[in-house]
file start30.pdb (PDB, C-alpha atoms, pLDDT in the B column)
ATOM      1  CA  MET A  22      66.117  75.930  82.655  1.00 42.00           C
ATOM      2  CA  SER A  23      68.080  76.299  79.413  1.00 50.00           C
ATOM      3  CA  ARG A  24      71.180  78.476  79.222  1.00 54.00           C
ATOM      4  CA  LYS A  25      69.377  80.935  77.002  1.00 53.00           C
ATOM      5  CA  ALA A  26      66.533  81.340  79.508  1.00 51.00           C
ATOM      6  CA  SER A  27      68.874  81.796  82.481  1.00 65.00           C
ATOM      7  CA  GLY A  28      70.801  84.413  80.466  1.00 85.00           C
ATOM      8  CA  PHE A  29      67.558  86.267  79.851  1.00 90.00           C
ATOM      9  CA  ARG A  30      66.688  86.079  83.548  1.00 91.00           C
ATOM     10  CA  ALA A  31      70.049  87.655  84.473  1.00 93.00           C
ATOM     11  CA  TRP A  32      69.552  90.344  81.811  1.00 93.00           C
ATOM     12  CA  LEU A  33      66.108  91.146  83.200  1.00 94.00           C
ATOM     13  CA  LEU A  34      67.170  91.074  86.884  1.00 95.00           C
ATOM     14  CA  GLN A  35      70.068  93.421  86.037  1.00 96.00           C
ATOM     15  CA  ARG A  36      67.607  95.971  84.638  1.00 96.00           C
ATOM     16  CA  VAL A  37      64.976  95.633  87.368  1.00 97.00           C
ATOM     17  CA  SER A  38      67.620  95.997  90.110  1.00 97.00           C
ATOM     18  CA  ALA A  39      69.174  98.929  88.205  1.00 98.00           C
ATOM     19  CA  ILE A  40      65.870 100.812  88.243  1.00 97.00           C
ATOM     20  CA  TYR A  41      65.384 100.258  91.992  1.00 98.00           C
ATOM     21  CA  LEU A  42      69.004 101.275  92.722  1.00 98.00           C
ATOM     22  CA  ALA A  43      68.614 104.452  90.653  1.00 97.00           C
ATOM     23  CA  LEU A  44      65.334 105.448  92.336  1.00 98.00           C
ATOM     24  CA  TYR A  45      66.634 104.717  95.858  1.00 98.00           C
ATOM     25  CA  LEU A  46      69.890 106.631  95.225  1.00 97.00           C
ATOM     26  CA  LEU A  47      67.923 109.645  93.999  1.00 96.00           C
ATOM     27  CA  TYR A  48      65.726 109.376  97.106  1.00 97.00           C
ATOM     28  CA  LEU A  49      68.839 109.267  99.357  1.00 96.00           C
ATOM     29  CA  VAL A  50      70.336 112.341  97.685  1.00 93.00           C
ATOM     30  CA  TYR A  51      67.001 114.153  98.018  1.00 95.00           C
ATOM     31  CA  HIS A  52      66.511 113.068 101.654  1.00 96.00           C
ATOM     32  CA  PHE A  53      70.017 113.954 102.881  1.00 93.00           C
ATOM     33  CA  SER A  54      70.066 117.246 100.968  1.00 90.00           C
ATOM     34  CA  PHE A  55      67.176 118.439 103.138  1.00 93.00           C
ATOM     35  CA  ASN A  56      67.646 116.352 106.307  1.00 92.00           C
ATOM     36  CA  PRO A  57      71.344 115.722 106.912  1.00 92.00           C
ATOM     37  CA  PRO A  58      71.748 113.808 110.217  1.00 94.00           C
ATOM     38  CA  ALA A  59      72.679 116.303 112.942  1.00 93.00           C
ATOM     39  CA  ASP A  60      74.208 113.750 115.316  1.00 96.00           C
ATOM     40  CA  TYR A  61      74.350 110.051 116.200  1.00 97.00           C
ATOM     41  CA  ALA A  62      70.870 110.065 117.734  1.00 97.00           C
ATOM     42  CA  SER A  63      69.141 111.371 114.613  1.00 96.00           C
ATOM     43  CA  TRP A  64      71.213 109.102 112.306  1.00 97.00           C
ATOM     44  CA  HIS A  65      70.346 106.080 114.462  1.00 97.00           C
ATOM     45  CA  ALA A  66      66.680 107.087 114.685  1.00 96.00           C
ATOM     46  CA  TRP A  67      66.445 107.351 110.884  1.00 97.00           C
ATOM     47  CA  LEU A  68      68.109 103.944 110.405  1.00 97.00           C
ATOM     48  CA  ALA A  69      65.846 102.313 113.018  1.00 96.00           C
ATOM     49  CA  GLN A  70      62.599 103.318 111.272  1.00 96.00           C
ATOM     50  CA  PRO A  71      60.810 100.290 109.768  1.00 96.00           C
ATOM     51  CA  VAL A  72      60.459 102.110 106.438  1.00 96.00           C
ATOM     52  CA  THR A  73      64.212 102.746 106.292  1.00 96.00           C
ATOM     53  CA  SER A  74      65.016  99.119 107.213  1.00 96.00           C
ATOM     54  CA  ILE A  75      62.749  97.678 104.562  1.00 97.00           C
ATOM     55  CA  PHE A  76      63.792  99.953 101.700  1.00 97.00           C
ATOM     56  CA  MET A  77      67.456  99.667 102.690  1.00 98.00           C
ATOM     57  CA  ALA A  78      67.186  95.862 102.790  1.00 97.00           C
ATOM     58  CA  LEU A  79      65.711  96.029  99.281  1.00 98.00           C
ATOM     59  CA  PHE A  80      68.526  98.403  98.272  1.00 98.00           C
ATOM     60  CA  PHE A  81      71.274  96.053  99.452  1.00 98.00           C
ATOM     61  CA  SER A  82      69.516  93.014  97.916  1.00 98.00           C
ATOM     62  CA  SER A  83      69.396  94.841  94.578  1.00 98.00           C
ATOM     63  CA  LEU A  84      72.968  96.098  94.973  1.00 98.00           C
ATOM     64  CA  LEU A  85      74.450  92.664  95.742  1.00 98.00           C
ATOM     65  CA  LEU A  86      72.446  90.970  92.971  1.00 97.00           C
ATOM     66  CA  HIS A  87      73.362  93.726  90.481  1.00 98.00           C
ATOM     67  CA  ALA A  88      77.041  93.501  91.494  1.00 98.00           C
ATOM     68  CA  TRP A  89      76.985  89.715  91.119  1.00 97.00           C
ATOM     69  CA  ILE A  90      75.610  89.803  87.556  1.00 96.00           C
ATOM     70  CA  GLY A  91      77.978  92.622  86.516  1.00 97.00           C
ATOM     71  CA  VAL A  92      81.142  91.168  88.046  1.00 97.00           C
ATOM     72  CA  ARG A  93      80.206  87.689  86.775  1.00 96.00           C
ATOM     73  CA  ASP A  94      80.042  89.083  83.220  1.00 94.00           C
ATOM     74  CA  ILE A  95      83.430  90.789  83.630  1.00 95.00           C
ATOM     75  CA  ILE A  96      85.052  87.600  84.996  1.00 96.00           C
ATOM     76  CA  ILE A  97      83.606  85.467  82.188  1.00 94.00           C
ATOM     77  CA  ASP A  98      84.874  87.991  79.595  1.00 92.00           C
ATOM     78  CA  TYR A  99      88.427  88.356  80.887  1.00 93.00           C
ATOM     79  CA  ILE A 100      89.348  85.224  82.877  1.00 94.00           C
ATOM     80  CA  HIS A 101      89.488  82.229  80.559  1.00 93.00           C
ATOM     81  CA  PRO A 102      91.302  79.344  82.331  1.00 96.00           C
ATOM     82  CA  LEU A 103      88.506  77.316  83.905  1.00 96.00           C
ATOM     83  CA  ALA A 104      90.129  76.871  87.330  1.00 97.00           C
ATOM     84  CA  ALA A 105      90.921  80.589  87.719  1.00 97.00           C
ATOM     85  CA  ARG A 106      87.424  81.505  86.501  1.00 97.00           C
ATOM     86  CA  LEU A 107      85.697  79.178  88.965  1.00 97.00           C
ATOM     87  CA  LEU A 108      87.940  80.363  91.786  1.00 98.00           C
ATOM     88  CA  THR A 109      87.230  84.084  91.221  1.00 98.00           C
ATOM     89  CA  LEU A 110      83.518  83.455  90.663  1.00 97.00           C
ATOM     90  CA  THR A 111      83.337  81.498  93.930  1.00 98.00           C
ATOM     91  CA  ALA A 112      85.307  84.148  95.834  1.00 98.00           C
ATOM     92  CA  VAL A 113      83.026  86.942  94.541  1.00 98.00           C
ATOM     93  CA  ALA A 114      79.881  84.930  95.319  1.00 98.00           C
ATOM     94  CA  LEU A 115      81.031  84.187  98.876  1.00 98.00           C
ATOM     95  CA  LEU A 116      82.003  87.832  99.411  1.00 98.00           C
ATOM     96  CA  LEU A 117      78.605  89.087  98.224  1.00 98.00           C
ATOM     97  CA  VAL A 118      76.616  86.531 100.234  1.00 98.00           C
ATOM     98  CA  GLY A 119      78.728  87.367 103.298  1.00 98.00           C
ATOM     99  CA  CYS A 120      78.016  91.073 102.751  1.00 98.00           C
ATOM    100  CA  GLY A 121      74.309  90.234 102.584  1.00 98.00           C
ATOM    101  CA  PHE A 122      74.312  88.532 105.995  1.00 98.00           C
ATOM    102  CA  TRP A 123      76.434  91.386 107.385  1.00 98.00           C
ATOM    103  CA  VAL A 124      73.845  93.967 106.262  1.00 98.00           C
ATOM    104  CA  ILE A 125      70.983  91.908 107.737  1.00 98.00           C
ATOM    105  CA  ARG A 126      72.851  91.798 111.063  1.00 98.00           C
ATOM    106  CA  ILE A 127      73.417  95.584 111.031  1.00 98.00           C
ATOM    107  CA  LEU A 128      69.803  96.396 110.135  1.00 97.00           C
ATOM    108  CA  VAL A 129      68.437  94.043 112.814  1.00 97.00           C
ATOM    109  CA  LEU A 130      70.764  95.378 115.518  1.00 97.00           C
ATOM    110  CA  VAL A 131      69.865  98.982 114.641  1.00 96.00           C
ATOM    111  CA  ALA A 132      66.153  98.238 114.877  1.00 93.00           C
ATOM    112  CA  LEU A 133      66.329  96.499 118.269  1.00 88.00           C
TER     113      LEU A 133
ATOM    114  CA  MET B   9      84.245  80.869  59.879  1.00 47.00           C
ATOM    115  CA  ALA B  10      87.565  82.055  58.431  1.00 49.00           C
ATOM    116  CA  SER B  11      86.355  85.636  58.161  1.00 54.00           C
ATOM    117  CA  LEU B  12      84.929  85.449  61.700  1.00 54.00           C
ATOM    118  CA  ASN B  13      88.299  84.379  63.044  1.00 55.00           C
ATOM    119  CA  LYS B  14      90.105  87.186  61.249  1.00 57.00           C
ATOM    120  CA  ARG B  15      88.303  89.996  62.988  1.00 61.00           C
ATOM    121  CA  LEU B  16      88.920  91.029  66.599  1.00 58.00           C
ATOM    122  CA  LYS B  17      92.507  89.798  66.439  1.00 60.00           C
ATOM    123  CA  TYR B  18      94.056  93.228  66.938  1.00 61.00           C
ATOM    124  CA  LEU B  19      93.591  93.828  70.628  1.00 64.00           C
ATOM    125  CA  ASN B  20      96.495  96.057  71.635  1.00 69.00           C
ATOM    126  CA  LEU B  21      94.683  98.112  74.263  1.00 67.00           C
ATOM    127  CA  ILE B  22      97.100 101.059  73.969  1.00 69.00           C
ATOM    128  CA  LYS B  23      96.801 101.383  70.191  1.00 69.00           C
ATOM    129  CA  ILE B  24      93.062 100.765  69.845  1.00 72.00           C
ATOM    130  CA  ARG B  25      91.116 103.979  69.316  1.00 79.00           C
ATOM    131  CA  LEU B  26      87.752 103.379  70.927  1.00 84.00           C
ATOM    132  CA  PRO B  27      84.768 105.315  69.559  1.00 89.00           C
ATOM    133  CA  ILE B  28      83.157 107.555  72.211  1.00 93.00           C
ATOM    134  CA  THR B  29      80.309 105.047  72.659  1.00 93.00           C
ATOM    135  CA  GLY B  30      82.940 102.425  73.470  1.00 93.00           C
ATOM    136  CA  VAL B  31      84.537 104.738  76.028  1.00 94.00           C
ATOM    137  CA  VAL B  32      81.186 105.048  77.842  1.00 95.00           C
ATOM    138  CA  SER B  33      80.703 101.273  77.743  1.00 94.00           C
ATOM    139  CA  PHE B  34      84.204 100.591  79.091  1.00 94.00           C
ATOM    140  CA  ALA B  35      83.895 103.276  81.791  1.00 96.00           C
ATOM    141  CA  HIS B  36      80.565 101.714  82.812  1.00 97.00           C
ATOM    142  CA  ARG B  37      82.451  98.472  83.534  1.00 97.00           C
ATOM    143  CA  VAL B  38      85.344 100.176  85.307  1.00 97.00           C
ATOM    144  CA  SER B  39      83.022 102.277  87.500  1.00 98.00           C
ATOM    145  CA  GLY B  40      80.923  99.208  88.318  1.00 98.00           C
ATOM    146  CA  LEU B  41      83.992  97.211  89.324  1.00 98.00           C
ATOM    147  CA  LEU B  42      85.256 100.077  91.517  1.00 98.00           C
ATOM    148  CA  MET B  43      81.909 100.289  93.325  1.00 98.00           C
ATOM    149  CA  PHE B  44      81.871  96.501  93.764  1.00 98.00           C
ATOM    150  CA  LEU B  45      85.257  96.759  95.522  1.00 98.00           C
ATOM    151  CA  ALA B  46      83.859  99.532  97.742  1.00 98.00           C
ATOM    152  CA  ILE B  47      80.835  97.500  98.972  1.00 98.00           C
ATOM    153  CA  PRO B  48      82.541  95.917 102.047  1.00 98.00           C
ATOM    154  CA  PHE B  49      83.913  99.320 103.123  1.00 98.00           C
ATOM    155  CA  LEU B  50      80.474 100.915 102.709  1.00 98.00           C
ATOM    156  CA  ILE B  51      78.894  98.219 104.890  1.00 98.00           C
ATOM    157  CA  TYR B  52      81.692  98.594 107.442  1.00 98.00           C
ATOM    158  CA  LEU B  53      80.989 102.340 107.694  1.00 98.00           C
ATOM    159  CA  LEU B  54      77.255 101.607 108.053  1.00 98.00           C
ATOM    160  CA  GLN B  55      78.005  99.246 110.939  1.00 98.00           C
ATOM    161  CA  LEU B  56      80.496 101.591 112.617  1.00 98.00           C
ATOM    162  CA  SER B  57      78.301 104.691 112.351  1.00 97.00           C
ATOM    163  CA  SER B  58      75.155 102.923 113.554  1.00 97.00           C
ATOM    164  CA  ALA B  59      76.710 101.019 116.476  1.00 96.00           C
ATOM    165  CA  SER B  60      77.560 103.803 118.941  1.00 97.00           C
ATOM    166  CA  PRO B  61      78.085 107.581 119.298  1.00 97.00           C
ATOM    167  CA  ASP B  62      81.859 106.952 119.354  1.00 98.00           C
ATOM    168  CA  GLY B  63      81.593 104.924 116.168  1.00 98.00           C
ATOM    169  CA  TYR B  64      79.573 107.722 114.555  1.00 98.00           C
ATOM    170  CA  GLN B  65      82.312 110.251 115.419  1.00 97.00           C
ATOM    171  CA  LEU B  66      84.987 107.856 114.147  1.00 98.00           C
ATOM    172  CA  THR B  67      83.089 107.461 110.863  1.00 97.00           C
ATOM    173  CA  LEU B  68      83.027 111.244 110.399  1.00 96.00           C
ATOM    174  CA  GLU B  69      86.769 111.359 111.117  1.00 97.00           C
ATOM    175  CA  TYR B  70      87.489 108.621 108.566  1.00 97.00           C
ATOM    176  CA  LEU B  71      85.397 110.415 105.943  1.00 95.00           C
ATOM    177  CA  SER B  72      87.274 113.695 106.484  1.00 94.00           C
ATOM    178  CA  HIS B  73      90.686 112.099 105.941  1.00 95.00           C
ATOM    179  CA  PRO B  74      92.245 113.471 102.697  1.00 93.00           C
ATOM    180  CA  LEU B  75      92.995 110.000 101.301  1.00 95.00           C
ATOM    181  CA  VAL B  76      89.436 108.812 101.991  1.00 95.00           C
ATOM    182  CA  LYS B  77      88.129 111.985 100.340  1.00 94.00           C
ATOM    183  CA  LEU B  78      90.127 111.133  97.226  1.00 93.00           C
ATOM    184  CA  VAL B  79      88.591 107.634  97.174  1.00 95.00           C
ATOM    185  CA  THR B  80      85.149 109.198  97.772  1.00 94.00           C
ATOM    186  CA  LEU B  81      85.709 111.484  94.780  1.00 94.00           C
ATOM    187  CA  VAL B  82      86.506 108.493  92.556  1.00 96.00           C
ATOM    188  CA  LEU B  83      83.424 106.673  93.866  1.00 96.00           C
ATOM    189  CA  LEU B  84      81.219 109.738  93.325  1.00 95.00           C
ATOM    190  CA  TRP B  85      82.375 109.783  89.708  1.00 96.00           C
ATOM    191  CA  SER B  86      81.702 106.034  89.521  1.00 97.00           C
ATOM    192  CA  VAL B  87      78.139 106.415  90.807  1.00 97.00           C
ATOM    193  CA  SER B  88      77.440 109.401  88.535  1.00 96.00           C
ATOM    194  CA  HIS B  89      78.844 107.732  85.441  1.00 97.00           C
ATOM    195  CA  HIS B  90      77.304 104.335  86.163  1.00 98.00           C
ATOM    196  CA  LEU B  91      73.875 105.865  86.789  1.00 97.00           C
ATOM    197  CA  LEU B  92      73.873 108.124  83.707  1.00 97.00           C
ATOM    198  CA  ALA B  93      75.405 105.505  81.378  1.00 97.00           C
ATOM    199  CA  GLY B  94      72.956 102.957  82.820  1.00 97.00           C
ATOM    200  CA  ILE B  95      69.978 105.191  82.013  1.00 97.00           C
ATOM    201  CA  ARG B  96      71.402 105.609  78.495  1.00 97.00           C
ATOM    202  CA  PHE B  97      71.684 101.823  78.069  1.00 96.00           C
ATOM    203  CA  LEU B  98      68.110 101.342  79.340  1.00 96.00           C
ATOM    204  CA  LEU B  99      66.871 103.890  76.792  1.00 96.00           C
ATOM    205  CA  ILE B 100      68.782 102.094  74.022  1.00 95.00           C
ATOM    206  CA  ASP B 101      67.142  98.836  75.232  1.00 94.00           C
ATOM    207  CA  VAL B 102      63.745 100.351  74.442  1.00 94.00           C
ATOM    208  CA  ASP B 103      65.029 101.601  71.043  1.00 94.00           C
ATOM    209  CA  ILE B 104      65.573 105.223  72.038  1.00 94.00           C
ATOM    210  CA  GLY B 105      68.796 106.774  70.733  1.00 92.00           C
ATOM    211  CA  VAL B 106      70.006 103.787  68.735  1.00 93.00           C
ATOM    212  CA  GLU B 107      70.965 105.779  65.598  1.00 94.00           C
ATOM    213  CA  LYS B 108      74.685 106.477  65.384  1.00 92.00           C
ATOM    214  CA  PRO B 109      74.663 110.313  65.599  1.00 93.00           C
ATOM    215  CA  VAL B 110      72.249 110.248  68.566  1.00 94.00           C
ATOM    216  CA  ALA B 111      74.198 107.442  70.283  1.00 95.00           C
ATOM    217  CA  ARG B 112      77.448 109.414  69.911  1.00 94.00           C
ATOM    218  CA  MET B 113      75.836 112.575  71.230  1.00 93.00           C
ATOM    219  CA  SER B 114      74.276 110.842  74.252  1.00 95.00           C
ATOM    220  CA  ALA B 115      77.629 109.155  74.978  1.00 95.00           C
ATOM    221  CA  GLY B 116      79.368 112.548  75.032  1.00 95.00           C
ATOM    222  CA  THR B 117      76.598 113.936  77.237  1.00 95.00           C
ATOM    223  CA  VAL B 118      77.029 111.065  79.728  1.00 96.00           C
ATOM    224  CA  LEU B 119      80.814 111.585  79.933  1.00 96.00           C
ATOM    225  CA  PHE B 120      80.438 115.353  80.351  1.00 96.00           C
ATOM    226  CA  LEU B 121      77.574 115.240  82.871  1.00 97.00           C
ATOM    227  CA  SER B 122      79.195 112.550  85.049  1.00 96.00           C
ATOM    228  CA  ILE B 123      82.357 114.638  85.444  1.00 95.00           C
ATOM    229  CA  THR B 124      80.299 117.794  86.060  1.00 95.00           C
ATOM    230  CA  LEU B 125      78.172 116.003  88.681  1.00 93.00           C
ATOM    231  CA  SER B 126      81.196 114.649  90.540  1.00 92.00           C
ATOM    232  CA  LEU B 127      82.828 118.099  90.561  1.00 91.00           C
ATOM    233  CA  LEU B 128      79.554 119.532  91.886  1.00 91.00           C
ATOM    234  CA  PHE B 129      79.561 116.943  94.684  1.00 87.00           C
ATOM    235  CA  VAL B 130      83.175 117.826  95.477  1.00 86.00           C
ATOM    236  CA  VAL B 131      82.256 121.479  95.907  1.00 89.00           C
ATOM    237  CA  LEU B 132      79.078 120.763  97.892  1.00 85.00           C
ATOM    238  CA  VAL B 133      80.205 117.872 100.090  1.00 78.00           C
ATOM    239  CA  LEU B 134      83.940 117.242 100.127  1.00 75.00           C
ATOM    240  CA  LEU B 135      85.409 120.754 100.383  1.00 75.00           C
TER     241      LEU B 135
END

call {"tool": "encode", "arguments": {"input": "start30.pdb", "output": "structure tokens"}}
result
Amino acid sequence: MSRKASGFRAWLLQRVSAIYLALYLLYLVYHFSFNPPADYASWHAWLAQPVTSIFMALFFSSLLLHAWIGVRDIIIDYIHPLAARLLTLTAVALLLVGCGFWVIRILVLVAL
Amino acid sequence: MASLNKRLKYLNLIKIRLPITGVVSFAHRVSGLLMFLAIPFLIYLLQLSSASPDGYQLTLEYLSHPLVKLVTLVLLWSVSHHLLAGIRFLLIDVDIGVEKPVARMSAGTVLFLSITLSLLFVVLVLL
């Protein structure tokens, strides 16, 4: 894939993930305005619902992807020496991928 | 090329007067970066609160700490600003509000509403 095409893909993914993040955040605000968790049991029960797991997995996928594209753009704009740029990009990528596995672990453990 | 190289040379960040649309754009980056830094802490709180009743109580205690509340306030502003500025950018993507007077007005609206929203959250949630 050419550089131009991959740039367009990032541009598009940033907007698609943004729309999902916005809708899910509005849903969360709406949900917790009317049903704030009363205690651990109700919080855990909400998290363990299949619907919650699936939409929250989508939320964190969108969040980590969105964060990657945004932070990548910032790093490319402000960090110019190649070694420093590659180092920060790698560190951010590893952090975000690690966060992804962490979330999967949490969501699976909650649902068990 | 000579004229291209001449522009954008003056980059003293303290002396540059950004137009209001530039302020929104810059704040969109700053708020995004702040939320990126908060991601591991958010996931940690999700793990702690979902793991056990003790962890749930501990999470509530962390969140009621004054210093954490201050960070939460900053993050609430970040979410509000990032969301509103993001919607504005999406509208500009589909050619809505591109004209200069409209763009300046929507930029001011975003800055005003994001601060209002975060103050509203402070009153409703943090106090």

call {"tool": "closest_atom_pairs", "arguments": {"input": "start30.pdb", "of": "chain B", "to": "chain A", "cutoff": "7 Å", "atoms": "only C-alpha atoms", "output": "CSV"}}
result
residue,atom,partner,partner_atom,distance
B:Leu41,CA,A:Val92,CA,6.8
B:Phe44,CA,A:Ala88,CA,6.1
B:Pro48,CA,A:Cys120,CA,6.7
B:Ile51,CA,A:Val124,CA,6.7
B:Gln55,CA,A:Ile127,CA,5.9
B:Ser58,CA,A:His65,CA,5.8
B:Pro61,CA,A:Tyr61,CA,5.4
B:Tyr64,CA,A:Tyr61,CA,6.0
B:Leu91,CA,A:Ala43,CA,6.7

call {"tool": "atom_distance", "arguments": {"input": "start30.pdb", "atom1": "atom CA of A:Arg93", "atom2": "atom CA of A:Ala114"}}
result
9.0 Å

call {"tool": "residues_around", "arguments": {"input": "start30.pdb", "residues": "stretch 73-86 of chain B", "least_positions_apart": "4", "cutoff": "7 Å", "atoms": "all atoms listed in the file", "output": "ChimeraX atom specification"}}
result
/B:39-40,43,69,90,122-123,126,130,134

call {"tool": "atom_distance", "arguments": {"input": "start30.pdb", "atom1": "atom CA of B:Ser57", "atom2": "atom CA of B:Leu71"}}
result
11.1 Å

call {"tool": "atom_distance", "arguments": {"input": "start30.pdb", "atom1": "atom CA of B:Phe97", "atom2": "atom CA of B:Ser33"}}
result
9.0 Å

call {"tool": "residues_around", "arguments": {"input": "start30.pdb", "residues": "stretch 110-115 of chain B", "least_positions_apart": "4", "cutoff": "7 Å", "atoms": "only C-alpha atoms", "output": "PyMOL selection string"}}
result
chain B and resi 28-29+32+105-106+119

call {"tool": "closest_residue", "arguments": {"input": "start30.pdb", "among": "A:Ser82, A:Ala132, A:Ala104, A:Ile96", "to": "A:Val118", "atoms": "all atoms listed in the file"}}
result
A:Ser82

call {"tool": "residues_around", "arguments": {"input": "start30.pdb", "residues": "B:Leu66", "least_positions_apart": "4", "cutoff": "8 Å", "atoms": "all atoms listed in the file", "output": "compact mmCIF listing (two decimals) with C-alpha atoms, in the frame of the given file"}}
result
# COMPACT_ATOMS: atom_id res chain seq x y z
CA LEU B 56 80.50 101.59 112.62
CA SER B 57 78.30 104.69 112.35
CA ASP B 62 81.86 106.95 119.35
CA TYR B 70 87.49 108.62 108.57

call {"tool": "decode", "arguments": {"input": "start30.pdb", "residues": "stretch 40-56 of chain B", "atoms": "N, CA, C and O atoms", "output": "mmCIF file, in the first residue's frame"}}
result
data_model
loop_
_atom_site.group_PDB
_atom_site.id
_atom_site.type_symbol
_atom_site.label_atom_id
_atom_site.label_comp_id
_atom_site.auth_asym_id
_atom_site.auth_seq_id
_atom_site.Cartn_x
_atom_site.Cartn_y
_atom_site.Cartn_z
ATOM 1 N N GLY B 40 -6.193 15.500 24.071
ATOM 2 C CA GLY B 40 -6.011 14.130 23.608
ATOM 3 C C GLY B 40 -4.801 13.476 24.253
ATOM 4 O O GLY B 40 -4.859 12.328 24.714
ATOM 5 N N LEU B 41 -3.709 14.236 24.342
ATOM 6 C CA LEU B 41 -2.487 13.706 24.957
ATOM 7 C C LEU B 41 -2.713 13.402 26.440
ATOM 8 O O LEU B 41 -2.276 12.362 26.954
ATOM 9 N N LEU B 42 -3.431 14.312 27.128
ATOM 10 C CA LEU B 42 -3.716 14.092 28.557
ATOM 11 C C LEU B 42 -4.525 12.815 28.755
ATOM 12 O O LEU B 42 -4.251 12.013 29.649
ATOM 13 N N MET B 43 -5.529 12.602 27.900
ATOM 14 C CA MET B 43 -6.361 11.400 28.039
ATOM 15 C C MET B 43 -5.568 10.153 27.695
ATOM 16 O O MET B 43 -5.763 9.101 28.303
ATOM 17 N N PHE B 44 -4.635 10.260 26.727
ATOM 18 C CA PHE B 44 -3.772 9.126 26.406
ATOM 19 C C PHE B 44 -2.978 8.711 27.652
ATOM 20 O O PHE B 44 -2.882 7.526 27.984
ATOM 21 N N LEU B 45 -2.427 9.733 28.362
ATOM 22 C CA LEU B 45 -1.640 9.432 29.565
ATOM 23 C C LEU B 45 -2.504 8.804 30.654
ATOM 24 O O LEU B 45 -2.007 8.071 31.509
ATOM 25 N N ALA B 46 -3.812 9.087 30.623
ATOM 26 C CA ALA B 46 -4.705 8.590 31.679
ATOM 27 C C ALA B 46 -5.176 7.158 31.414
ATOM 28 O O ALA B 46 -5.696 6.505 32.326
ATOM 29 N N ILE B 47 -4.982 6.645 30.184
ATOM 30 C CA ILE B 47 -5.519 5.322 29.822
ATOM 31 C C ILE B 47 -5.084 4.208 30.788
ATOM 32 O O ILE B 47 -5.933 3.466 31.294
ATOM 33 N N PRO B 48 -3.772 4.072 31.109
ATOM 34 C CA PRO B 48 -3.380 2.981 32.016
ATOM 35 C C PRO B 48 -4.041 3.095 33.391
ATOM 36 O O PRO B 48 -4.413 2.080 33.989
ATOM 37 N N PHE B 49 -4.216 4.326 33.885
ATOM 38 C CA PHE B 49 -4.840 4.516 35.198
ATOM 39 C C PHE B 49 -6.324 4.155 35.147
ATOM 40 O O PHE B 49 -6.867 3.569 36.081
ATOM 41 N N LEU B 50 -6.979 4.507 34.024
ATOM 42 C CA LEU B 50 -8.383 4.136 33.840
ATOM 43 C C LEU B 50 -8.549 2.616 33.856
ATOM 44 O O LEU B 50 -9.433 2.082 34.540
ATOM 45 N N ILE B 51 -7.673 1.921 33.131
ATOM 46 C CA ILE B 51 -7.760 0.455 33.076
ATOM 47 C C ILE B 51 -7.456 -0.145 34.451
ATOM 48 O O ILE B 51 -8.106 -1.108 34.875
ATOM 49 N N TYR B 52 -6.492 0.471 35.157
ATOM 50 C CA TYR B 52 -6.177 -0.025 36.503
ATOM 51 C C TYR B 52 -7.412 0.065 37.400
ATOM 52 O O TYR B 52 -7.731 -0.874 38.141
ATOM 53 N N LEU B 53 -8.112 1.211 37.328
ATOM 54 C CA LEU B 53 -9.308 1.391 38.171
ATOM 55 C C LEU B 53 -10.405 0.403 37.761
ATOM 56 O O LEU B 53 -11.149 -0.096 38.615
ATOM 57 N N LEU B 54 -10.505 0.109 36.467
ATOM 58 C CA LEU B 54 -11.483 -0.878 35.997
ATOM 59 C C LEU B 54 -11.166 -2.248 36.592
ATOM 60 O O LEU B 54 -12.063 -2.955 37.071
ATOM 61 N N GLN B 55 -9.877 -2.609 36.586
ATOM 62 C CA GLN B 55 -9.472 -3.894 37.149
ATOM 63 C C GLN B 55 -9.748 -3.958 38.649
ATOM 64 O O GLN B 55 -10.373 -4.900 39.146
ATOM 65 N N LEU B 56 -9.292 -2.879 39.353
ATOM 66 C CA LEU B 56 -9.431 -2.855 40.815
ATOM 67 C C LEU B 56 -10.904 -2.930 41.225
ATOM 68 O O LEU B 56 -11.284 -3.729 42.094
#
